[in-house]
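The structure appears right after this line, and notes come after that.
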Amino acid sequence: YIDLLALIPLAILQSRTGAYPTLNEKLPTATLFYAPVLASVIGSAMIQLGFQLVYFYTIKAQPFYVPKFEVAPTIAGSKIYSYEDTVLFLISNFQYLTVAIAFSTAYPFRKPIYSNLPFFLSACFLLLGDIALVLMPNPGFSFTYGENNMPVAINLGRNPVANFFFLYPFTNLAMNSMMQSFYYYRYIILLGVICNCIATLGYEKYFIAWYTDRCDKKEKLKKDKEFESRMVKPIA
């Protein structure tokens, strides 16, 4: 899903955005080993990692959390179910889309991303699909508990999509042996996604833009001084 429906379409279609119709005095970066470029990539990666770490550790404190365990092995190897995998999968789906949009710099070099209709429609499709994955329930999903009240097997629910992606439904067995739902945690995930999106886009749009202008001015001043030193000849 991530490779075929998210990364490949975004990577291919992102470059189809047309050039901005008018020229600008600013020049695009000539090298990848430029401080603003490195700051953009590293900073964005740290933002995504930070949000993933927050959910990876905080989900263990939720009342519905159960430790990961291995079920029957498959041809591809061991099949391990865990809430950590579920929440990281749901979060990272939005992060791929957010980073692709953040790196789609428009003015002054390219047109807005909505002018690239295939990319824009692909992004909208992925956004709706990712939201559906977060909000869709999986009725009938339950655990089979063994000794020490630890899960030893799972009973798949009636949602084939959630079963295909091995997604836990954020439910747990209550003291009265009734299945208790913690659906509210799905909204917590979406809240984190919104914060992640704001942090990523804001970092790229404001901080990196300011840092790039600053570095460009220093680079231009340095080149001007080098040019003047070469043009000025010593008087004999």
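Letters A, B, ... go to the chains of the structure tokens in the order shown; residues in each chain start at 1; ligands are counted from 1 in the same order.
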
Report task. Skip range 142-158 of chain A itself and residues of its chain fewer than 2 positions away, then list as a ChimeraX atom specification all residues within 9 Å of it, counting only C-alpha atoms. Result -> /A:66-71,81,138-140,160,162-163,169,171-173,179

**Report entry** Exercise: Thr22 in chain A partners within 12 Å, only C-alpha atoms, chain neighbours under 3 positions left out, as number ranges by chain
**Finding:** A: 18-19, 25-26, 107-111

Go ahead and dump the residues you just picked, all heavy atoms, as a compact mmCIF listing (two decimals), in the first residue's frame.
```
# COMPACT_ATOMS: atom_id res chain seq x y z
N GLY A 18 4.21 22.50 -13.27
CA GLY A 18 4.84 23.38 -14.25
C GLY A 18 5.61 24.52 -13.61
O GLY A 18 5.46 24.83 -12.42
N ALA A 19 6.47 25.13 -14.41
CA ALA A 19 7.26 26.27 -13.94
C ALA A 19 6.37 27.50 -13.78
O ALA A 19 5.36 27.65 -14.47
CB ALA A 19 8.38 26.56 -14.93
N GLU A 25 13.96 37.25 -9.42
CA GLU A 25 15.38 37.52 -9.18
C GLU A 25 16.06 36.45 -8.37
O GLU A 25 17.29 36.32 -8.40
CB GLU A 25 15.53 38.86 -8.47
CG GLU A 25 14.88 38.92 -7.11
CD GLU A 25 15.06 40.24 -6.41
OE1 GLU A 25 15.66 41.15 -7.01
OE2 GLU A 25 14.62 40.36 -5.25
N LYS A 26 15.27 35.66 -7.63
CA LYS A 26 15.86 34.59 -6.84
C LYS A 26 16.27 33.43 -7.74
O LYS A 26 15.60 33.11 -8.71
CB LYS A 26 14.87 34.09 -5.79
CG LYS A 26 14.52 35.11 -4.72
CD LYS A 26 13.58 34.51 -3.69
CE LYS A 26 13.27 35.50 -2.59
NZ LYS A 26 12.35 34.92 -1.57
N TYR A 107 5.67 29.15 -5.63
CA TYR A 107 6.29 30.44 -5.94
C TYR A 107 7.63 30.57 -5.20
O TYR A 107 7.73 30.17 -4.05
CB TYR A 107 5.34 31.56 -5.50
CG TYR A 107 5.87 32.94 -5.75
CD1 TYR A 107 5.74 33.54 -6.98
CD2 TYR A 107 6.50 33.64 -4.72
CE1 TYR A 107 6.24 34.81 -7.21
CE2 TYR A 107 7.01 34.93 -4.94
CZ TYR A 107 6.87 35.50 -6.19
OH TYR A 107 7.36 36.75 -6.41
N PRO A 108 8.68 31.06 -5.84
CA PRO A 108 8.70 31.71 -7.15
C PRO A 108 9.17 30.82 -8.30
O PRO A 108 9.42 31.33 -9.39
CB PRO A 108 9.72 32.84 -6.92
CG PRO A 108 10.72 32.21 -6.00
CD PRO A 108 9.94 31.29 -5.10
N PHE A 109 9.31 29.51 -8.06
CA PHE A 109 9.90 28.64 -9.09
C PHE A 109 8.86 27.81 -9.83
O PHE A 109 8.99 27.57 -11.02
CB PHE A 109 10.95 27.72 -8.47
CG PHE A 109 12.00 28.45 -7.69
CD1 PHE A 109 12.22 28.17 -6.35
CD2 PHE A 109 12.77 29.42 -8.29
CE1 PHE A 109 13.19 28.84 -5.64
CE2 PHE A 109 13.75 30.10 -7.58
CZ PHE A 109 13.96 29.81 -6.25
N ARG A 110 7.83 27.37 -9.13
CA ARG A 110 6.83 26.51 -9.75
C ARG A 110 5.43 27.03 -9.48
O ARG A 110 5.21 27.85 -8.59
CB ARG A 110 6.96 25.07 -9.24
CG ARG A 110 8.21 24.35 -9.71
CD ARG A 110 8.21 22.90 -9.27
NE ARG A 110 9.36 22.17 -9.76
CZ ARG A 110 9.43 21.56 -10.93
NH1 ARG A 110 8.39 21.61 -11.75
NH2 ARG A 110 10.52 20.92 -11.30
N LYS A 111 4.49 26.51 -10.26
CA LYS A 111 3.09 26.85 -10.07
C LYS A 111 2.56 26.19 -8.80
O LYS A 111 3.19 25.27 -8.25
CB LYS A 111 2.26 26.36 -11.27
CG LYS A 111 2.59 27.05 -12.58
CD LYS A 111 1.73 26.48 -13.71
CE LYS A 111 2.03 27.15 -15.03
NZ LYS A 111 1.21 26.59 -16.14
```

Within 9 Å of Thr17 in chain A, counting only C-alpha atoms, which residues show up once you throw out same-chain ones fewer than 5 positions away? Write them as a CSV table (one decimal) with all heavy atoms, in the first residue's frame, please.
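Final output, saved to selection.csv:
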```
chain,number,residue,atom,x,y,z
A,104,SER,N,6.9,20.5,-2.1
A,104,SER,CA,6.4,20.9,-3.4
A,104,SER,C,6.4,22.5,-3.4
A,104,SER,O,5.4,23.1,-3.3
A,104,SER,CB,5.0,20.4,-3.7
A,104,SER,OG,5.0,19.0,-3.7
A,106,ALA,N,6.2,26.1,-4.4
A,106,ALA,CA,5.5,26.7,-5.5
A,106,ALA,C,6.3,28.0,-5.9
A,106,ALA,O,7.4,28.0,-6.4
A,106,ALA,CB,4.1,27.0,-5.1
A,110,ARG,N,7.8,27.4,-9.1
A,110,ARG,CA,6.8,26.5,-9.7
A,110,ARG,C,5.4,27.0,-9.5
A,110,ARG,O,5.2,27.8,-8.6
A,110,ARG,CB,7.0,25.1,-9.2
A,110,ARG,CG,8.2,24.3,-9.7
A,110,ARG,CD,8.2,22.9,-9.3
A,110,ARG,NE,9.4,22.2,-9.8
A,110,ARG,CZ,9.4,21.6,-10.9
A,110,ARG,NH1,8.4,21.6,-11.8
A,110,ARG,NH2,10.5,20.9,-11.3
A,111,LYS,N,4.5,26.5,-10.3
A,111,LYS,CA,3.1,26.8,-10.1
A,111,LYS,C,2.6,26.2,-8.8
A,111,LYS,O,3.2,25.3,-8.3
A,111,LYS,CB,2.3,26.4,-11.3
A,111,LYS,CG,2.6,27.1,-12.6
A,111,LYS,CD,1.7,26.5,-13.7
A,111,LYS,CE,2.0,27.2,-15.0
A,111,LYS,NZ,1.2,26.6,-16.1
A,112,PRO,N,1.4,26.6,-8.3
A,112,PRO,CA,0.8,26.0,-7.1
A,112,PRO,C,0.5,24.5,-7.4
A,112,PRO,O,0.3,24.1,-8.6
A,112,PRO,CB,-0.5,26.8,-6.9
A,112,PRO,CG,-0.2,28.1,-7.5
A,112,PRO,CD,0.6,27.8,-8.7
A,113,ILE,N,0.5,23.7,-6.3
A,113,ILE,CA,0.3,22.2,-6.5
A,113,ILE,C,-1.0,21.9,-7.1
A,113,ILE,O,-1.2,20.9,-7.8
A,113,ILE,CB,0.6,21.5,-5.2
A,113,ILE,CG1,-0.4,21.9,-4.2
A,113,ILE,CG2,2.0,21.6,-4.7
A,113,ILE,CD1,-0.4,21.1,-2.9
A,114,TYR,N,-2.1,22.7,-6.9
A,114,TYR,CA,-3.4,22.4,-7.5
A,114,TYR,C,-3.4,22.5,-9.0
A,114,TYR,O,-4.3,22.0,-9.6
A,114,TYR,CB,-4.5,23.2,-6.8
A,114,TYR,CG,-4.3,24.7,-6.9
A,114,TYR,CD1,-4.5,25.4,-8.1
A,114,TYR,CD2,-3.8,25.5,-5.8
A,114,TYR,CE1,-4.4,26.8,-8.2
A,114,TYR,CE2,-3.7,26.8,-5.9
A,114,TYR,CZ,-3.9,27.5,-7.1
A,114,TYR,OH,-3.8,28.8,-7.2
A,115,SER,N,-2.4,23.2,-9.6
A,115,SER,CA,-2.3,23.3,-11.0
A,115,SER,C,-1.8,22.0,-11.6
A,115,SER,O,-2.0,21.7,-12.8
A,115,SER,CB,-1.4,24.4,-11.4
A,115,SER,OG,0.0,24.2,-11.0
A,116,ASN,N,-1.2,21.1,-10.8
A,116,ASN,CA,-0.8,19.8,-11.2
A,116,ASN,C,-1.9,18.8,-10.8
A,116,ASN,O,-1.9,18.3,-9.8
A,116,ASN,CB,0.5,19.4,-10.5
A,116,ASN,CG,1.1,18.1,-10.9
A,116,ASN,OD1,0.4,17.3,-11.7
A,116,ASN,ND2,2.3,17.7,-10.4
A,117,LEU,N,-2.8,18.7,-11.7
A,117,LEU,CA,-4.1,18.0,-11.4
A,117,LEU,C,-3.9,16.6,-11.0
A,117,LEU,O,-4.4,16.1,-10.0
A,117,LEU,CB,-5.1,18.1,-12.6
A,117,LEU,CG,-6.5,17.6,-12.3
A,117,LEU,CD1,-7.1,18.4,-11.1
A,117,LEU,CD2,-7.4,17.8,-13.5
A,119,PHE,N,-1.3,15.1,-9.6
A,119,PHE,CA,-0.7,15.1,-8.2
A,119,PHE,C,-1.7,15.5,-7.2
A,119,PHE,O,-1.8,14.9,-6.1
A,119,PHE,CB,0.5,16.0,-8.2
A,119,PHE,CG,1.2,16.1,-6.8
A,119,PHE,CD1,2.0,15.1,-6.3
A,119,PHE,CD2,0.9,17.3,-6.0
A,119,PHE,CE1,2.5,15.2,-5.0
A,119,PHE,CE2,1.5,17.4,-4.8
A,119,PHE,CZ,2.3,16.4,-4.3
```

At a cut-off of 9 Å, can you tabulate as a tab-separated table every residue of range 14-112 of chain A near range 122-126 of chain A together with its closest atom pair and the distance in Å to one decimal, using only C-alpha atoms and ordering rows by chain then number?
```
residue	atom	partner	partner_atom	distance
A:Asn93	CA	A:Leu126	CA	8.5
A:Phe94	CA	A:Leu126	CA	8.4
A:Leu97	CA	A:Ala123	CA	6.8
A:Ile101	CA	A:Ala123	CA	8.5
```

Report task. Select from range 2-226 of chain A everything DSSP, run on the backbone, classes as strand (DSSP E), then give the selection as a ChimeraX atom specification. Result -> /A:69-74,77-81,142-145,151-155,171-173,179-181

Requested in this report: Please provide as a ChimeraX atom specification all residues within 8 Å of range 39-56 of chain A, with the sequence filter that same-chain residues fewer than 5 positions apart are discarded (counting only C-alpha atoms).
Outcome: /A:84,87-88,91-92,95,99,192,196,199-200,203-204,208

Quick one: pick out all helix (DSSP H, G or I) residues within range 7-129 of chain A from a backbone DSSP run and write them as a tab-separated table (two decimals) with C-alpha atoms, in the first residue's frame.
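selection_23.tsv was written with the following content:
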```tsv
chain	number	residue	atom	x	y	z
A	7	LEU	CA	5.21	6.79	-2.52
A	8	ILE	CA	5.39	5.93	-6.23
A	9	PRO	CA	2.43	8.12	-7.38
A	10	LEU	CA	3.56	11.06	-5.25
A	11	ALA	CA	7.19	10.79	-6.38
A	12	ILE	CA	6.30	10.52	-10.07
A	13	LEU	CA	3.49	13.07	-10.22
A	14	GLN	CA	5.17	15.67	-7.99
A	35	ALA	CA	22.85	24.48	4.41
A	36	PRO	CA	19.13	25.30	3.83
A	37	VAL	CA	18.61	22.10	1.83
A	38	LEU	CA	20.23	19.97	4.52
A	39	ALA	CA	18.31	21.82	7.23
A	40	SER	CA	15.06	21.21	5.34
A	41	VAL	CA	15.59	17.47	4.99
A	42	ILE	CA	17.06	16.85	8.45
A	43	GLY	CA	14.59	19.11	10.23
A	44	SER	CA	11.59	17.55	8.51
A	45	ALA	CA	12.88	14.06	9.33
A	46	MET	CA	13.27	15.02	12.99
A	47	ILE	CA	9.69	16.33	13.10
A	48	GLN	CA	8.32	13.07	11.69
A	49	LEU	CA	10.49	11.00	14.03
A	50	GLY	CA	9.40	13.06	17.03
A	51	PHE	CA	5.70	12.48	16.42
A	52	GLN	CA	6.27	8.78	15.81
A	53	LEU	CA	8.19	8.42	19.06
A	54	VAL	CA	5.45	10.22	21.00
A	55	TYR	CA	2.77	7.80	19.81
A	56	PHE	CA	5.06	4.78	20.00
A	57	TYR	CA	5.63	5.29	23.73
A	58	THR	CA	2.35	6.89	24.82
A	59	ILE	CA	0.17	4.15	23.36
A	60	LYS	CA	1.66	1.74	25.89
A	61	ALA	CA	-0.02	3.75	28.65
A	83	TYR	CA	-0.57	-1.65	18.77
A	84	GLU	CA	2.81	-0.05	18.05
A	85	ASP	CA	2.64	-1.23	14.43
A	86	THR	CA	-0.95	-0.07	14.11
A	87	VAL	CA	-0.43	3.46	15.35
A	88	LEU	CA	2.87	3.97	13.47
A	89	PHE	CA	1.27	2.75	10.24
A	90	LEU	CA	-1.65	5.15	10.61
A	91	ILE	CA	0.61	8.09	11.50
A	92	SER	CA	3.24	7.48	8.82
A	93	ASN	CA	0.63	7.33	6.04
A	94	PHE	CA	-0.15	10.99	6.66
A	95	GLN	CA	3.51	11.88	7.05
A	96	TYR	CA	4.38	10.71	3.52
A	97	LEU	CA	1.68	12.96	2.12
A	98	THR	CA	2.57	15.91	4.35
A	99	VAL	CA	6.27	15.81	3.44
A	100	ALA	CA	5.47	15.54	-0.28
A	101	ILE	CA	3.29	18.64	-0.08
A	102	ALA	CA	5.82	20.52	2.08
A	113	ILE	CA	0.34	22.23	-6.55
A	114	TYR	CA	-3.37	22.38	-7.47
A	115	SER	CA	-2.29	23.28	-11.02
A	117	LEU	CA	-4.08	18.01	-11.40
A	118	PRO	CA	-2.80	14.38	-11.30
A	119	PHE	CA	-0.70	15.10	-8.22
A	120	PHE	CA	-3.49	17.07	-6.56
A	121	LEU	CA	-6.07	14.32	-7.15
A	122	SER	CA	-3.63	11.66	-5.98
A	123	ALA	CA	-2.98	13.62	-2.77
A	124	CYS	CA	-6.74	14.05	-2.15
A	125	PHE	CA	-7.33	10.34	-2.75
A	126	LEU	CA	-4.57	9.37	-0.32
A	127	LEU	CA	-5.83	11.83	2.28
A	128	LEU	CA	-9.35	10.38	2.17
A	129	GLY	CA	-7.98	6.83	2.24
```

**Report entry** Computed interatomic separation between CA of Lys218 in chain A and CA of Tyr34 in chain A (Å)
**Finding:** 12.4 Å

Query - Straight-line distance linking CA of Phe227 in chain A with CA of Asp213 in chain A, stated in Å to one decimal - result: 20.8 Å

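Taking CA of Lys205 in chain A and CA of Asn24 in chain A as endpoints, the distance between them is 18.0 Å.
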